[in-house]
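Enquirer: Supplied structure: coords28.pdb, PDB, C-alpha atoms, pLDDT in the B column.
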ATOM      1  CA  PRO A 631      27.165   2.417   2.030  1.00 80.00           C
ATOM      2  CA  LYS A 632      25.480   5.699   2.841  1.00 88.00           C
ATOM      3  CA  PRO A 633      21.858   5.893   3.965  1.00 88.00           C
ATOM      4  CA  ILE A 634      19.416   6.968   1.252  1.00 95.00           C
ATOM      5  CA  TRP A 635      16.755   9.479   2.173  1.00 96.00           C
ATOM      6  CA  ILE A 636      14.015  10.465  -0.266  1.00 96.00           C
ATOM      7  CA  THR A 637      12.810  13.998   0.241  1.00 92.00           C
ATOM      8  CA  GLU A 638       9.974  16.032  -1.203  1.00 89.00           C
ATOM      9  CA  ILE A 639       8.005  13.149  -2.718  1.00 93.00           C
ATOM     10  CA  CYS A 640       4.369  13.829  -3.615  1.00 93.00           C
ATOM     11  CA  TRP A 641       1.617  13.324  -6.148  1.00 93.00           C
ATOM     12  CA  ASN A 642       0.023  16.662  -6.981  1.00 92.00           C
ATOM     13  CA  THR A 643      -3.775  16.710  -6.781  1.00 94.00           C
ATOM     14  CA  ASN A 644      -4.362  19.706  -8.999  1.00 89.00           C
ATOM     15  CA  ILE A 645      -6.614  19.929 -12.046  1.00 87.00           C
ATOM     16  CA  HIS A 646      -3.858  19.796 -14.634  1.00 82.00           C
ATOM     17  CA  PRO A 647      -2.717  17.280 -17.252  1.00 83.00           C
ATOM     18  CA  TYR A 648      -0.027  16.100 -14.816  1.00 85.00           C
ATOM     19  CA  GLY A 649      -2.198  16.105 -11.706  1.00 89.00           C
ATOM     20  CA  SER A 650      -3.591  13.088  -9.849  1.00 93.00           C
ATOM     21  CA  SER A 651      -6.950  12.499  -8.272  1.00 94.00           C
ATOM     22  CA  GLU A 652      -6.959  12.486  -4.484  1.00 95.00           C
ATOM     23  CA  LEU A 653      -7.764   8.753  -4.491  1.00 97.00           C
ATOM     24  CA  ARG A 654      -4.813   8.064  -6.801  1.00 96.00           C
ATOM     25  CA  GLN A 655      -2.557  10.125  -4.515  1.00 97.00           C
ATOM     26  CA  ALA A 656      -3.571   7.904  -1.579  1.00 98.00           C
ATOM     27  CA  ASP A 657      -2.823   4.706  -3.507  1.00 98.00           C
ATOM     28  CA  MET A 658       0.514   5.974  -4.807  1.00 97.00           C
ATOM     29  CA  LEU A 659       1.596   7.121  -1.342  1.00 98.00           C
ATOM     30  CA  VAL A 660       1.115   3.644   0.136  1.00 98.00           C
ATOM     31  CA  ARG A 661       2.735   1.966  -2.863  1.00 98.00           C
ATOM     32  CA  PHE A 662       5.772   4.254  -2.720  1.00 97.00           C
ATOM     33  CA  TYR A 663       6.376   3.880   1.015  1.00 97.00           C
ATOM     34  CA  VAL A 664       5.997   0.093   0.888  1.00 98.00           C
ATOM     35  CA  LEU A 665       8.363  -0.152  -2.100  1.00 97.00           C
ATOM     36  CA  ALA A 666      10.870   2.030  -0.242  1.00 97.00           C
ATOM     37  CA  ILE A 667      10.812  -0.371   2.705  1.00 96.00           C
ATOM     38  CA  ALA A 668      10.956  -3.397   0.390  1.00 97.00           C
ATOM     39  CA  SER A 669      14.014  -2.014  -1.406  1.00 95.00           C
ATOM     40  CA  ARG A 670      16.038  -2.502   1.796  1.00 94.00           C
ATOM     41  CA  ARG A 671      18.108   0.530   0.734  1.00 94.00           C
ATOM     42  CA  ILE A 672      15.964   3.548   1.572  1.00 95.00           C
ATOM     43  CA  GLU A 673      16.184   4.623   5.193  1.00 94.00           C
ATOM     44  CA  LYS A 674      13.673   7.511   5.267  1.00 95.00           C
ATOM     45  CA  VAL A 675      11.001   9.068   3.088  1.00 96.00           C
ATOM     46  CA  PHE A 676       9.699  12.602   3.573  1.00 95.00           C
ATOM     47  CA  TRP A 677       6.428  13.738   2.001  1.00 94.00           C
ATOM     48  CA  TRP A 678       6.644  17.187   0.389  1.00 93.00           C
ATOM     49  CA  THR A 679       4.395  18.982   2.875  1.00 93.00           C
ATOM     50  CA  LEU A 680       1.578  18.287   5.307  1.00 95.00           C
ATOM     51  CA  LYS A 681      -0.905  20.722   3.757  1.00 95.00           C
ATOM     52  CA  ASP A 682      -1.493  22.274   0.375  1.00 94.00           C
ATOM     53  CA  GLY A 683       0.174  25.620  -0.187  1.00 92.00           C
ATOM     54  CA  GLY A 684      -3.013  27.230  -1.460  1.00 92.00           C
ATOM     55  CA  THR A 685      -6.340  26.554  -3.118  1.00 90.00           C
ATOM     56  CA  ARG A 686      -5.526  27.148  -6.805  1.00 90.00           C
ATOM     57  CA  GLN A 687      -6.650  23.875  -8.402  1.00 87.00           C
ATOM     58  CA  PHE A 688      -4.664  24.652 -11.568  1.00 85.00           C
ATOM     59  CA  ASP A 689      -1.351  25.271  -9.789  1.00 84.00           C
ATOM     60  CA  MET A 690       1.011  22.318  -9.370  1.00 82.00           C
ATOM     61  CA  ALA A 691       2.757  23.917  -6.385  1.00 83.00           C
ATOM     62  CA  ASP A 692      -0.425  24.548  -4.401  1.00 90.00           C
ATOM     63  CA  MET A 693      -1.852  21.017  -4.344  1.00 91.00           C
ATOM     64  CA  VAL A 694       0.903  18.808  -2.882  1.00 93.00           C
ATOM     65  CA  GLY A 695      -0.080  18.100   0.717  1.00 95.00           C
ATOM     66  CA  LEU A 696      -1.746  15.300   2.622  1.00 96.00           C
ATOM     67  CA  MET A 697      -4.316  17.876   3.730  1.00 96.00           C
ATOM     68  CA  ARG A 698      -5.994  20.783   1.984  1.00 95.00           C
ATOM     69  CA  ALA A 699      -4.940  24.350   2.776  1.00 95.00           C
ATOM     70  CA  ASP A 700      -7.773  24.605   5.356  1.00 96.00           C
ATOM     71  CA  LEU A 701      -6.397  21.448   7.097  1.00 97.00           C
ATOM     72  CA  THR A 702      -9.204  19.125   6.043  1.00 97.00           C
ATOM     73  CA  PRO A 703      -7.613  15.736   5.349  1.00 97.00           C
ATOM     74  CA  LYS A 704      -7.332  14.275   1.865  1.00 97.00           C
ATOM     75  CA  TYR A 705      -7.699  10.548   1.234  1.00 97.00           C
ATOM     76  CA  SER A 706      -3.896  10.265   1.345  1.00 97.00           C
ATOM     77  CA  TYR A 707      -3.876  11.467   4.956  1.00 97.00           C
ATOM     78  CA  GLY A 708      -6.152   8.583   5.954  1.00 97.00           C
ATOM     79  CA  ALA A 709      -4.229   6.086   3.818  1.00 98.00           C
ATOM     80  CA  TYR A 710      -0.927   7.201   5.374  1.00 97.00           C
ATOM     81  CA  ALA A 711      -2.367   6.881   8.883  1.00 97.00           C
ATOM     82  CA  TRP A 712      -3.804   3.436   8.125  1.00 97.00           C
ATOM     83  CA  MET A 713      -0.533   2.236   6.537  1.00 98.00           C
ATOM     84  CA  THR A 714       1.342   3.372   9.630  1.00 97.00           C
ATOM     85  CA  ARG A 715      -1.023   1.395  11.872  1.00 97.00           C
ATOM     86  CA  MET A 716      -0.893  -1.686   9.653  1.00 97.00           C
ATOM     87  CA  LEU A 717       2.918  -1.817   9.499  1.00 98.00           C
ATOM     88  CA  GLU A 718       3.680  -0.678  13.055  1.00 96.00           C
ATOM     89  CA  GLN A 719       5.908  -3.186  14.901  1.00 94.00           C
ATOM     90  CA  LYS A 720       6.231  -5.317  11.762  1.00 97.00           C
ATOM     91  CA  GLN A 721       9.492  -6.231  10.093  1.00 97.00           C
ATOM     92  CA  TRP A 722       9.993  -6.630   6.381  1.00 98.00           C
ATOM     93  CA  LEU A 723      10.180 -10.358   5.653  1.00 98.00           C
ATOM     94  CA  ARG A 724      10.386 -10.761   1.883  1.00 97.00           C
ATOM     95  CA  ASN A 725       9.225  -9.547  -1.501  1.00 97.00           C
ATOM     96  CA  ASP A 726       6.936 -12.266  -2.844  1.00 96.00           C
ATOM     97  CA  ALA A 727       6.361 -10.385  -6.103  1.00 95.00           C
ATOM     98  CA  MET A 728       8.092  -7.229  -7.317  1.00 93.00           C
ATOM     99  CA  GLY A 729       6.403  -6.512 -10.629  1.00 87.00           C
ATOM    100  CA  PRO A 730       6.120  -5.984 -13.413  1.00 90.00           C
ATOM    101  CA  ASN A 731       2.337  -6.320 -12.978  1.00 93.00           C
ATOM    102  CA  VAL A 732       1.814  -7.444  -9.370  1.00 97.00           C
ATOM    103  CA  HIS A 733       3.592  -6.453  -6.174  1.00 97.00           C
ATOM    104  CA  ALA A 734       3.259  -8.420  -2.921  1.00 98.00           C
ATOM    105  CA  ILE A 735       5.500  -7.538   0.021  1.00 98.00           C
ATOM    106  CA  THR A 736       5.321  -9.546   3.251  1.00 98.00           C
ATOM    107  CA  PHE A 737       5.886  -8.183   6.760  1.00 98.00           C
ATOM    108  CA  ARG A 738       5.945 -10.154  10.015  1.00 98.00           C
ATOM    109  CA  ASP A 739       4.765  -9.352  13.526  1.00 98.00           C
ATOM    110  CA  GLU A 740       6.682 -11.740  15.792  1.00 97.00           C
ATOM    111  CA  THR A 741       4.674 -10.852  18.896  1.00 97.00           C
ATOM    112  CA  LYS A 742       1.300 -11.636  17.269  1.00 96.00           C
ATOM    113  CA  HIS A 743       2.679 -14.498  15.162  1.00 97.00           C
ATOM    114  CA  GLU A 744       1.083 -13.096  12.033  1.00 97.00           C
ATOM    115  CA  ASP A 745       2.121 -11.954   8.582  1.00 98.00           C
ATOM    116  CA  THR A 746       0.824  -8.982   6.641  1.00 98.00           C
ATOM    117  CA  VAL A 747       1.065  -8.897   2.859  1.00 98.00           C
ATOM    118  CA  VAL A 748       0.697  -5.565   1.082  1.00 98.00           C
ATOM    119  CA  ALA A 749      -0.404  -6.303  -2.488  1.00 98.00           C
ATOM    120  CA  TRP A 750      -1.469  -4.367  -5.587  1.00 98.00           C
ATOM    121  CA  SER A 751      -1.350  -4.504  -9.358  1.00 97.00           C
ATOM    122  CA  THR A 752       0.125  -1.926 -11.722  1.00 96.00           C
ATOM    123  CA  LYS A 753      -2.650  -2.839 -14.179  1.00 94.00           C
ATOM    124  CA  PRO A 754      -6.361  -2.375 -13.477  1.00 93.00           C
ATOM    125  CA  TYR A 755      -6.419  -5.904 -12.036  1.00 92.00           C
ATOM    126  CA  GLY A 756      -4.256  -8.891 -11.206  1.00 95.00           C
ATOM    127  CA  TYR A 757      -4.493 -12.052  -9.108  1.00 95.00           C
ATOM    128  CA  ILE A 758      -2.520 -13.605  -6.295  1.00 96.00           C
ATOM    129  CA  LYS A 759      -2.954 -16.896  -4.469  1.00 95.00           C
ATOM    130  CA  VAL A 760      -2.482 -16.818  -0.682  1.00 96.00           C
ATOM    131  CA  THR A 761      -2.301 -19.766   1.691  1.00 95.00           C
ATOM    132  CA  ASN A 762      -5.066 -19.652   4.265  1.00 94.00           C
ATOM    133  CA  GLU A 763      -4.368 -21.801   7.311  1.00 93.00           C
ATOM    134  CA  GLY A 764      -6.199 -19.805   9.968  1.00 94.00           C
ATOM    135  CA  GLY A 765      -8.393 -17.257   8.220  1.00 96.00           C
ATOM    136  CA  LEU A 766      -7.431 -14.112   6.351  1.00 98.00           C
ATOM    137  CA  THR A 767      -8.406 -10.512   6.966  1.00 98.00           C
ATOM    138  CA  ILE A 768      -8.282  -8.341   3.850  1.00 98.00           C
ATOM    139  CA  ILE A 769      -8.142  -4.600   4.513  1.00 98.00           C
ATOM    140  CA  ASP A 770      -8.177  -1.755   1.987  1.00 97.00           C
ATOM    141  CA  VAL A 771      -6.102   1.450   2.248  1.00 97.00           C
ATOM    142  CA  PHE A 772      -8.828   3.116   4.318  1.00 96.00           C
ATOM    143  CA  GLY A 773      -9.362   0.303   6.832  1.00 96.00           C
ATOM    144  CA  THR A 774     -12.412  -1.497   5.426  1.00 97.00           C
ATOM    145  CA  ARG A 775     -12.111  -5.139   6.527  1.00 97.00           C
ATOM    146  CA  ARG A 776     -13.314  -8.441   5.100  1.00 97.00           C
ATOM    147  CA  PHE A 777     -12.668 -11.786   6.765  1.00 97.00           C
ATOM    148  CA  VAL A 778     -12.246 -15.061   4.864  1.00 97.00           C
ATOM    149  CA  PRO A 779     -12.468 -18.157   7.085  1.00 96.00           C
ATOM    150  CA  VAL A 780     -10.664 -21.382   6.254  1.00 95.00           C
ATOM    151  CA  ASP A 781     -12.553 -23.873   4.146  1.00 94.00           C
ATOM    152  CA  PRO A 782     -10.422 -26.927   3.247  1.00 92.00           C
ATOM    153  CA  VAL A 783     -11.750 -26.998  -0.311  1.00 90.00           C
ATOM    154  CA  ARG A 784     -12.702 -23.434  -1.214  1.00 92.00           C
ATOM    155  CA  THR A 785     -10.390 -21.067   0.639  1.00 92.00           C
ATOM    156  CA  ARG A 786      -7.283 -22.960   1.803  1.00 93.00           C
ATOM    157  CA  HIS A 787      -5.411 -21.571  -1.227  1.00 93.00           C
ATOM    158  CA  LEU A 788      -7.349 -18.378  -1.826  1.00 93.00           C
ATOM    159  CA  SER A 789      -7.199 -16.513  -5.135  1.00 92.00           C
ATOM    160  CA  ILE A 790      -7.464 -12.809  -4.380  1.00 95.00           C
ATOM    161  CA  PRO A 791      -8.030 -10.142  -7.029  1.00 95.00           C
ATOM    162  CA  VAL A 792      -5.781  -7.104  -6.615  1.00 97.00           C
ATOM    163  CA  SER A 793      -6.170  -3.693  -8.175  1.00 97.00           C
ATOM    164  CA  GLU A 794      -4.087  -0.538  -8.427  1.00 97.00           C
ATOM    165  CA  SER A 795      -5.150   0.277  -4.875  1.00 98.00           C
ATOM    166  CA  PRO A 796      -3.026  -1.553  -2.278  1.00 98.00           C
ATOM    167  CA  GLN A 797      -4.634  -3.918   0.196  1.00 98.00           C
ATOM    168  CA  TYR A 798      -3.356  -5.554   3.356  1.00 98.00           C
ATOM    169  CA  ILE A 799      -3.817  -9.301   3.755  1.00 98.00           C
ATOM    170  CA  VAL A 800      -3.331 -10.425   7.354  1.00 98.00           C
ATOM    171  CA  GLY A 801      -3.075 -14.031   8.452  1.00 97.00           C
ATOM    172  CA  GLN A 802      -1.176 -16.343  10.741  1.00 96.00           C
ATOM    173  CA  GLN A 803       2.585 -16.524  10.417  1.00 97.00           C
ATOM    174  CA  GLY A 804       3.781 -18.403   7.341  1.00 96.00           C
ATOM    175  CA  LEU A 805       1.602 -16.849   4.622  1.00 96.00           C
ATOM    176  CA  LYS A 806       2.766 -17.785   1.132  1.00 95.00           C
ATOM    177  CA  VAL A 807       1.900 -15.653  -1.879  1.00 97.00           C
ATOM    178  CA  THR A 808       2.202 -16.533  -5.548  1.00 95.00           C
ATOM    179  CA  VAL A 809       1.148 -14.498  -8.556  1.00 95.00           C
ATOM    180  CA  ARG A 810      -1.686 -16.074 -10.501  1.00 89.00           C
ATOM    181  CA  PRO A 811      -1.872 -15.668 -14.265  1.00 82.00           C
ATOM    182  CA  ASP A 812      -4.694 -13.597 -15.657  1.00 76.00           C
ATOM    183  CA  PRO A 813      -7.584 -16.040 -16.231  1.00 69.00           C
ATOM    184  CA  GLY A 814      -8.641 -14.059 -19.306  1.00 65.00           C
ATOM    185  CA  TRP A 815     -12.256 -13.495 -18.287  1.00 62.00           C
TER
END
If you took the structure in this file and wrote it as structure tokens, what would it be?

Expert:
Amino acid sequence: PKPIWITEICWNTNIHPYGSSELRQADMLVRFYVLAIASRRIEKVFWWTLKDGGTRQFDMADMVGLMRADLTPKYSYGAYAWMTRMLEQKQWLRNDAMGPNVHAITFRDETKHEDTVVAWSTKPYGYIKVTNEGGLTIIDVFGTRRFVPVDPVRTRHLSIPVSESPQYIVGQQGLKVTVRPDPGW
């Protein structure tokens, strides 16, 4: 088998019927890179360009970078940096859920004896259940953290809502993730 490289991937952030908001670009960047790793087939991914080619908000070719033309970072720049930090030194472990509505991909850090699950929904919301043996840290794509301690009754098997924006769930080695059905609220 030959290595697969994906080149010139991007989500344009222009004001156009086919453009994306800068927040959506950040979410889609993380989702794409994590799915590429989870595929076990893609060796490298190259973003189209570091900075926008210009400032014309209506032009698809100008608004493709992780930074604006004046080098101010977009949300995707921060999300890319945070994803890199979160997955550094971690090995892909398994795909706990690969769609159609919820994705949950687990990575392991052998030196820290912890697992990191990257999870999101392709719908506005979804639910997963995660085992919680030693506390969970839930981190959004920009690094905002929440900690959930272990409570034998309330949080040992924690239901976590997921949205279209990926989040990182970090806990001790051995995390188990299952997709929860929509409760219909």

Enquirer: Which polymer residues have any atom within 7 Å of an atom of stretch 733-741 of chain A, counting all atoms listed in the file, with same-chain residues fewer than 6 positions away left out, as a list in words?

Expert: Ala668, Gln719, Lys720, Gln721, Trp722, Leu723, Arg724, Asn725, Asp726, Ala727, Val747, Val748, Ala749, Trp750 and Ser751 of chain A

Enquirer: Could you check which of A:Val660, A:Leu717, A:Val783, A:Val771 is closest to A:Gln797, using all atoms listed in the file?

Expert: A:Val771

Enquirer: Quick one: of A:Gly765, A:Val760, A:Pro633, A:Ser651, who's nearest to A:Lys806, counting all atoms listed in the file?

Expert: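 Between A:Gly765, A:Val760, A:Pro633, A:Ser651, the residue approaching A:Lys806 most closely is A:Val760.
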
Enquirer: When you draw a straight line from atom CA of A:Asp700 to atom CA of A:Phe688, how long is it in Å?

Expert: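 Going from atom CA of A:Asp700 over to atom CA of A:Phe688, I get 17.2 Å.
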
Enquirer: Name the residues that the PyMOL selection byres ((chain A and resi 773) around 12) picks from the file above, as a PDB file with C-alpha atoms, keeping the file's coordinate frame, using the file's chain letters and numbers.

Expert:
ATOM      1  CA  TYR A 705      -7.699  10.548   1.234  1.00 97.00           C
ATOM      2  CA  GLY A 708      -6.152   8.583   5.954  1.00 97.00           C
ATOM      3  CA  ALA A 709      -4.229   6.086   3.818  1.00 98.00           C
ATOM      4  CA  TYR A 710      -0.927   7.201   5.374  1.00 97.00           C
ATOM      5  CA  ALA A 711      -2.367   6.881   8.883  1.00 97.00           C
ATOM      6  CA  TRP A 712      -3.804   3.436   8.125  1.00 97.00           C
ATOM      7  CA  MET A 713      -0.533   2.236   6.537  1.00 98.00           C
ATOM      8  CA  THR A 714       1.342   3.372   9.630  1.00 97.00           C
ATOM      9  CA  ARG A 715      -1.023   1.395  11.872  1.00 97.00           C
ATOM     10  CA  MET A 716      -0.893  -1.686   9.653  1.00 97.00           C
ATOM     11  CA  THR A 767      -8.406 -10.512   6.966  1.00 98.00           C
ATOM     12  CA  ILE A 768      -8.282  -8.341   3.850  1.00 98.00           C
ATOM     13  CA  ILE A 769      -8.142  -4.600   4.513  1.00 98.00           C
ATOM     14  CA  ASP A 770      -8.177  -1.755   1.987  1.00 97.00           C
ATOM     15  CA  VAL A 771      -6.102   1.450   2.248  1.00 97.00           C
ATOM     16  CA  PHE A 772      -8.828   3.116   4.318  1.00 96.00           C
ATOM     17  CA  THR A 774     -12.412  -1.497   5.426  1.00 97.00           C
ATOM     18  CA  ARG A 775     -12.111  -5.139   6.527  1.00 97.00           C
ATOM     19  CA  ARG A 776     -13.314  -8.441   5.100  1.00 97.00           C
ATOM     20  CA  PRO A 796      -3.026  -1.553  -2.278  1.00 98.00           C
ATOM     21  CA  GLN A 797      -4.634  -3.918   0.196  1.00 98.00           C
ATOM     22  CA  TYR A 798      -3.356  -5.554   3.356  1.00 98.00           C
ATOM     23  CA  ILE A 799      -3.817  -9.301   3.755  1.00 98.00           C
TER      24      ILE A 799
END

Enquirer: Assuming the chain letters and numbering stay as they are in my file, what does the PyMOL selection byres ((chain A and resi 779) around 8) actually select? List them as a tab-separated table (two decimals) with C-alpha atoms, in the coordinates of the input.

Expert:
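See result_32.tsv below for the written result:
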chain	number	residue	atom	x	y	z
A	764	GLY	CA	-6.20	-19.80	9.97
A	765	GLY	CA	-8.39	-17.26	8.22
A	766	LEU	CA	-7.43	-14.11	6.35
A	777	PHE	CA	-12.67	-11.79	6.76
A	778	VAL	CA	-12.25	-15.06	4.86
A	780	VAL	CA	-10.66	-21.38	6.25
A	781	ASP	CA	-12.55	-23.87	4.15
A	785	THR	CA	-10.39	-21.07	0.64

Enquirer: Hey, which of A:Thr702, A:Pro754, A:Trp678, A:Ile636 ends up closest to A:Ala666? Count only C-alpha atoms.

Expert: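 Among the listed residues, the smallest separation from A:Ala666 belongs to A:Ile636.
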
Enquirer: Looking at only C-alpha atoms, which of A:Val694, A:Ser706, A:Lys632, A:Asp812 is the one that sits closest to A:Arg671?

Expert: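 Among A:Val694, A:Ser706, A:Lys632, A:Asp812, it is A:Lys632 that comes nearest to A:Arg671.
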
Enquirer: For A:Arg661, which of A:Thr752, A:Thr643, A:Gln802, A:Thr679 is the closest residue, counting all atoms listed in the file?

Expert: A:Thr752

Enquirer: Once the PyMOL selection byres ((chain A and resi 744) around 6) is applied to the coordinates I shared, what remains selected? I want it as a list in words.

Expert: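 Applying the PyMOL selection byres ((chain A and resi 744) around 6) to the structure shown produces Asp739, Lys742, His743, Asp745, Gly801, Gln802 and Gln803 of chain A.
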
Enquirer: Could you dump the residues just selected with C-alpha atoms as a PDB file, keeping the file's coordinate frame?

Expert:
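That gives us again-v5.pdb:
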ATOM      1  CA  ASP A 739       4.765  -9.352  13.526  1.00 98.00           C
ATOM      2  CA  LYS A 742       1.300 -11.636  17.269  1.00 96.00           C
ATOM      3  CA  HIS A 743       2.679 -14.498  15.162  1.00 97.00           C
ATOM      4  CA  ASP A 745       2.121 -11.954   8.582  1.00 98.00           C
ATOM      5  CA  GLY A 801      -3.075 -14.031   8.452  1.00 97.00           C
ATOM      6  CA  GLN A 802      -1.176 -16.343  10.741  1.00 96.00           C
ATOM      7  CA  GLN A 803       2.585 -16.524  10.417  1.00 97.00           C
TER       8      GLN A 803
END

Enquirer: Leaving out A:Ala691 and any residue of its chain fewer than 5 positions from it, which residues lie within 9 Å of it when counting all atoms listed in the file, given as number ranges by chain?

Expert: A: 642, 644, 682-684, 686

Enquirer: Give me, please, the distance in Å between atom CA of A:Val800 and atom CA of A:Val664, quoted to one decimal.

Expert: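 Atom CA of A:Val800 sits 15.5 Å away from atom CA of A:Val664.
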
Enquirer: Find the axis-aligned box for stretch 765-776 of chain A, covering all its listed atoms and adding 4 Å on each side, and write its centre and edge lengths in Å to one decimal as AutoDock Vina command-line options.

Expert:
--center_x -9.7 --center_y -7.1 --center_z 5.1 --size_x 15.2 --size_y 28.4 --size_z 14.2

Enquirer: Would you mind listing what lies within 12 Å of A:Glu652 as a CSV table (one decimal) with C-alpha atoms, in the coordinates of the input, with all atoms listed in the file counted and same-chain residues fewer than 2 positions away left out?

Expert:
chain,number,residue,atom,x,y,z
A,640,CYS,CA,4.4,13.8,-3.6
A,641,TRP,CA,1.6,13.3,-6.1
A,642,ASN,CA,0.0,16.7,-7.0
A,643,THR,CA,-3.8,16.7,-6.8
A,644,ASN,CA,-4.4,19.7,-9.0
A,645,ILE,CA,-6.6,19.9,-12.0
A,649,GLY,CA,-2.2,16.1,-11.7
A,650,SER,CA,-3.6,13.1,-9.8
A,654,ARG,CA,-4.8,8.1,-6.8
A,655,GLN,CA,-2.6,10.1,-4.5
A,656,ALA,CA,-3.6,7.9,-1.6
A,657,ASP,CA,-2.8,4.7,-3.5
A,658,MET,CA,0.5,6.0,-4.8
A,659,LEU,CA,1.6,7.1,-1.3
A,693,MET,CA,-1.9,21.0,-4.3
A,694,VAL,CA,0.9,18.8,-2.9
A,695,GLY,CA,-0.1,18.1,0.7
A,696,LEU,CA,-1.7,15.3,2.6
A,697,MET,CA,-4.3,17.9,3.7
A,698,ARG,CA,-6.0,20.8,2.0
A,703,PRO,CA,-7.6,15.7,5.3
A,704,LYS,CA,-7.3,14.3,1.9
A,705,TYR,CA,-7.7,10.5,1.2
A,706,SER,CA,-3.9,10.3,1.3
A,707,TYR,CA,-3.9,11.5,5.0
A,708,GLY,CA,-6.2,8.6,6.0
A,709,ALA,CA,-4.2,6.1,3.8

Enquirer: Please measure the separation of atom CA of A:Thr808 and atom CA of A:Gly756, giving the value in Å to one decimal.

Expert: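 Atom CA of A:Gly756 lies at a distance of 11.5 Å from atom CA of A:Thr808.
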